[in-house]
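What follows is a single structure, written as structure tokens, with notes after it.
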Amino acid sequence: MSRLLQLEAVAAHYGATQALFGVDLDVSEGEAVALMGRNGMGKTTTIRTISNLLPLSGGSIEFAGMKTGGMAAHRVAKLGIGLVPEGRRCFANLSVAENLTVAAQRGTWSLAKVHDLFPRLGERAGQMADTLSGGEQQMLAIGRALMTNPRLLVLDEATEGLAPVVRREIWDAIAGLKREGQAILIVDKTLAELLRVVDRCVLIEKGETVWSGVSSDLTDDLADRYLGV
């Protein structure tokens with residue numbers, strides 16, 4: 001598998017406060033990787049830095065063979081990074097169909113394919129996004145990212161706060177995407193579901209990578225030490 005995303009010694013700041021001190025991770029074509037750590041350890045900050053929503057202040061980020069440090073966030077997205085941010089952030093004043101088509105790019109993903117993945121979105125195509133349940137809004141956020149036909153899908157807490165039945169539906173969809181060869185970077189707290197889907201895990205603590213390896217090598221001791229589970 002060819003390398004798609006590569007972070008080396010990545011550092012980032014919020015103003016004068018340093019938040020990332022040395023994050024190393026990579027994702028290859030067709031691979032699913034989990035970015036894991038306790039709350040406040042830098043997972044979402046890492047995602048924001050990958051997307052250039054937060055400027056890179058040290059180290060390097062390379063996507064699809066291009067250095068992305070200093071690149072505008074919309075240009076990074078156009079390279080093929082489909083972000084599903086924490087908190088869903090659908091366009092409340094647009095319909096479900098409009099949310100899906102507003103950022104659509106040419107490729108294999110279409111409205112029909114998104115409706116196959118999440119049939120509820122097809123049933124609610126004409127509804128305003130703010131009338132959907134939380135789970136449906138999360139499906140919409142994932143569908144909208146897929147409509148950009150990304151080379152890498154980035155999911156930041158995609159199942160947080162959702163009902164168990166909806167969580168299962170979303171995890172089944174993620175597993176299906178992985179089987180189809182979609183490269184995925186996932187941040188989530190649910191260890192059991194993550195390990196069912198991902199190939200490798202990267203653990204960060206206090207803004208620094210402390211362990212990475214294949215999922216089967218993530219021992220109970222490591223999980224206790226860095227994840228508190």
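Simple scheme: letters A, B, ... for chains in structure tokens order, numbers from 1 for residues in each chain, numbers from 1 for ligands in the order shown.
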Write out as an mmCIF file with C-alpha atoms, in the first residue's frame all residues of stretch 34-159 of chain A that backbone DSSP assigns to alpha helix (DSSP H).
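File written: out-v5.cif
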data_model
loop_
_atom_site.group_PDB
_atom_site.id
_atom_site.type_symbol
_atom_site.label_atom_id
_atom_site.label_comp_id
_atom_site.auth_asym_id
_atom_site.auth_seq_id
_atom_site.Cartn_x
_atom_site.Cartn_y
_atom_site.Cartn_z
ATOM 1 C CA LYS A 43 -6.509 14.269 19.126
ATOM 2 C CA THR A 44 -8.834 16.951 17.747
ATOM 3 C CA THR A 45 -5.935 19.410 17.581
ATOM 4 C CA THR A 46 -4.068 16.907 15.413
ATOM 5 C CA ILE A 47 -7.090 16.605 13.098
ATOM 6 C CA ARG A 48 -7.380 20.392 12.878
ATOM 7 C CA THR A 49 -3.679 20.648 12.029
ATOM 8 C CA ILE A 50 -3.937 17.975 9.321
ATOM 9 C CA ALA A 73 -7.584 24.793 4.436
ATOM 10 C CA HIS A 74 -9.823 24.669 1.353
ATOM 11 C CA ARG A 75 -6.850 23.637 -0.787
ATOM 12 C CA VAL A 76 -6.003 20.827 1.626
ATOM 13 C CA ALA A 77 -9.591 19.613 1.401
ATOM 14 C CA LYS A 78 -9.433 19.682 -2.407
ATOM 15 C CA LEU A 79 -6.388 17.425 -2.324
ATOM 16 C CA GLY A 80 -8.755 14.740 -1.084
ATOM 17 C CA VAL A 96 -30.527 17.149 3.474
ATOM 18 C CA ALA A 97 -30.089 16.942 -0.298
ATOM 19 C CA GLU A 98 -28.565 20.440 -0.451
ATOM 20 C CA ASN A 99 -26.122 19.583 2.349
ATOM 21 C CA LEU A 100 -24.964 16.571 0.364
ATOM 22 C CA THR A 101 -24.562 18.355 -2.954
ATOM 23 C CA LEU A 111 -26.575 10.923 -3.840
ATOM 24 C CA ALA A 112 -27.784 7.429 -4.689
ATOM 25 C CA LYS A 113 -24.699 5.803 -3.169
ATOM 26 C CA VAL A 114 -24.965 7.888 0.015
ATOM 27 C CA HIS A 115 -28.644 6.911 0.256
ATOM 28 C CA ASP A 116 -27.624 3.269 -0.061
ATOM 29 C CA LEU A 117 -25.185 3.729 2.815
ATOM 30 C CA PRO A 119 -31.240 5.063 3.736
ATOM 31 C CA ARG A 120 -32.647 7.581 6.248
ATOM 32 C CA LEU A 121 -30.997 10.400 4.301
ATOM 33 C CA GLY A 122 -32.906 9.393 1.201
ATOM 34 C CA GLU A 123 -36.159 9.317 3.168
ATOM 35 C CA GLY A 134 -28.539 13.915 16.269
ATOM 36 C CA GLY A 135 -27.830 10.532 14.717
ATOM 37 C CA GLU A 136 -29.279 11.570 11.380
ATOM 38 C CA GLN A 137 -27.215 14.751 11.421
ATOM 39 C CA GLN A 138 -24.113 12.634 11.976
ATOM 40 C CA MET A 139 -25.039 10.435 9.023
ATOM 41 C CA LEU A 140 -25.495 13.611 6.997
ATOM 42 C CA ALA A 141 -22.065 14.914 8.017
ATOM 43 C CA ILE A 142 -20.452 11.631 6.948
ATOM 44 C CA GLY A 143 -22.427 11.566 3.706
ATOM 45 C CA ARG A 144 -21.427 15.160 2.926
ATOM 46 C CA ALA A 145 -17.742 14.293 3.417
ATOM 47 C CA LEU A 146 -18.090 11.253 1.145
#
Mind checking which residues fall within 8 Å of A:Glu31, counting only C-alpha atoms, ignoring those fewer than 5 positions away in the same chain, and posting them as a short mmCIF file (atom, residue, chain, number, x, y, z; two decimals) with N, CA and C atoms, in the first residue's frame?
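For reference, around23.cif as written:
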data_model
loop_
_atom_site.label_atom_id
_atom_site.label_comp_id
_atom_site.auth_asym_id
_atom_site.auth_seq_id
_atom_site.Cartn_x
_atom_site.Cartn_y
_atom_site.Cartn_z
N LYS A 178 -14.45 0.67 4.91
CA LYS A 178 -13.11 0.05 5.00
C LYS A 178 -13.01 -1.13 4.04
N GLY A 181 -12.21 -0.27 0.59
CA GLY A 181 -10.88 0.28 0.33
C GLY A 181 -10.70 1.75 0.63
N GLN A 182 -11.69 2.34 1.32
CA GLN A 182 -11.57 3.76 1.69
C GLN A 182 -10.53 3.92 2.80
N ALA A 183 -9.55 4.81 2.60
CA ALA A 183 -8.61 5.15 3.66
C ALA A 183 -9.33 6.00 4.70
N ILE A 184 -9.12 5.67 5.99
CA ILE A 184 -9.86 6.33 7.06
C ILE A 184 -8.92 6.61 8.23
N VAL A 198 -10.23 -0.95 12.60
CA VAL A 198 -8.96 -0.36 12.18
C VAL A 198 -7.85 -1.40 12.03
N ASP A 199 -6.88 -1.04 11.20
CA ASP A 199 -5.68 -1.86 11.02
C ASP A 199 -4.62 -1.54 12.05
#
Option closest in space to A:Gly107, from A:Phe91, A:Glu86, A:Thr148, A:Gly42 [counting only C-alpha atoms] =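 Distance minimum relative to A:Gly107 lands on A:Thr148.
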Would you list the contacts of A:Asp224 as a VMD selection string, taking every protein, DNA or RNA residue within 12 Å and counting only C-alpha atoms, but skipping same-chain residues closer than 5 positions in sequence?
-> chain A and resid 37 to 38 191 203 218 to 219 229
I'd like to know which residues of stretch 65-174 of chain A are strand (DSSP E) (by DSSP, run on the backbone); could you write them as a PDB file with C-alpha atoms, in the first residue's frame?
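Wrote out_26.pdb, looks like this:
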ATOM      1  CA  MET A  66       2.518  17.196  -1.296  1.00  0.00           C
ATOM      2  CA  LYS A  67       3.716  19.172   1.705  1.00  0.00           C
ATOM      3  CA  ILE A  81      -9.274  14.994   2.691  1.00  0.00           C
ATOM      4  CA  GLY A  82     -12.918  14.603   3.684  1.00  0.00           C
ATOM      5  CA  LEU A  83     -13.372  15.835   7.258  1.00  0.00           C
ATOM      6  CA  VAL A  84     -16.276  14.907   9.511  1.00  0.00           C
ATOM      7  CA  LEU A 152      -8.873  10.043   3.027  1.00  0.00           C
ATOM      8  CA  LEU A 153     -11.957  10.194   5.258  1.00  0.00           C
ATOM      9  CA  VAL A 154     -11.265  11.766   8.664  1.00  0.00           C
ATOM     10  CA  LEU A 155     -13.809  11.073  11.419  1.00  0.00           C
ATOM     11  CA  ASP A 156     -13.544  13.037  14.664  1.00  0.00           C
TER      12      ASP A 156
END
Between A:Asn149, A:Ser57, A:Gln6, A:Ser133, which is the closest to A:Leu20 once you count only C-alpha atoms?
->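 So, comparing all the options, the nearest one is A:Ser57.
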All residues 12 Å or closer to A:Asp172, only C-alpha atoms, same chain fewer than 6 positions away omitted, as a count of residues only = 12
Residues near A:Ile204, cut-off 10 Å, only C-alpha atoms, skip fewer than 4 positions along chain, as a ChimeraX atom specification | /A:20,22-25,35-38,41-43,46,208-212,226-227
Of the listed residues A:Ser2, A:Ser215, A:Gln105, A:Asn52, that which approaches A:Asp26 most closely, counting only C-alpha atoms |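 So, comparing all the options, the nearest one is A:Ser2.
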Find the residue from A:Ala129, A:Ile186, A:Ala11, A:Leu5 that sits nearest to A:Arg89; use only C-alpha atoms when measuring.
->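 Of all the options, A:Ala129 lies closest to A:Arg89.
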Rounded to one decimal in Å, what is the spacing between atom CA of A:Val187 and atom CA of A:Arg200?
-> 12.3 Å
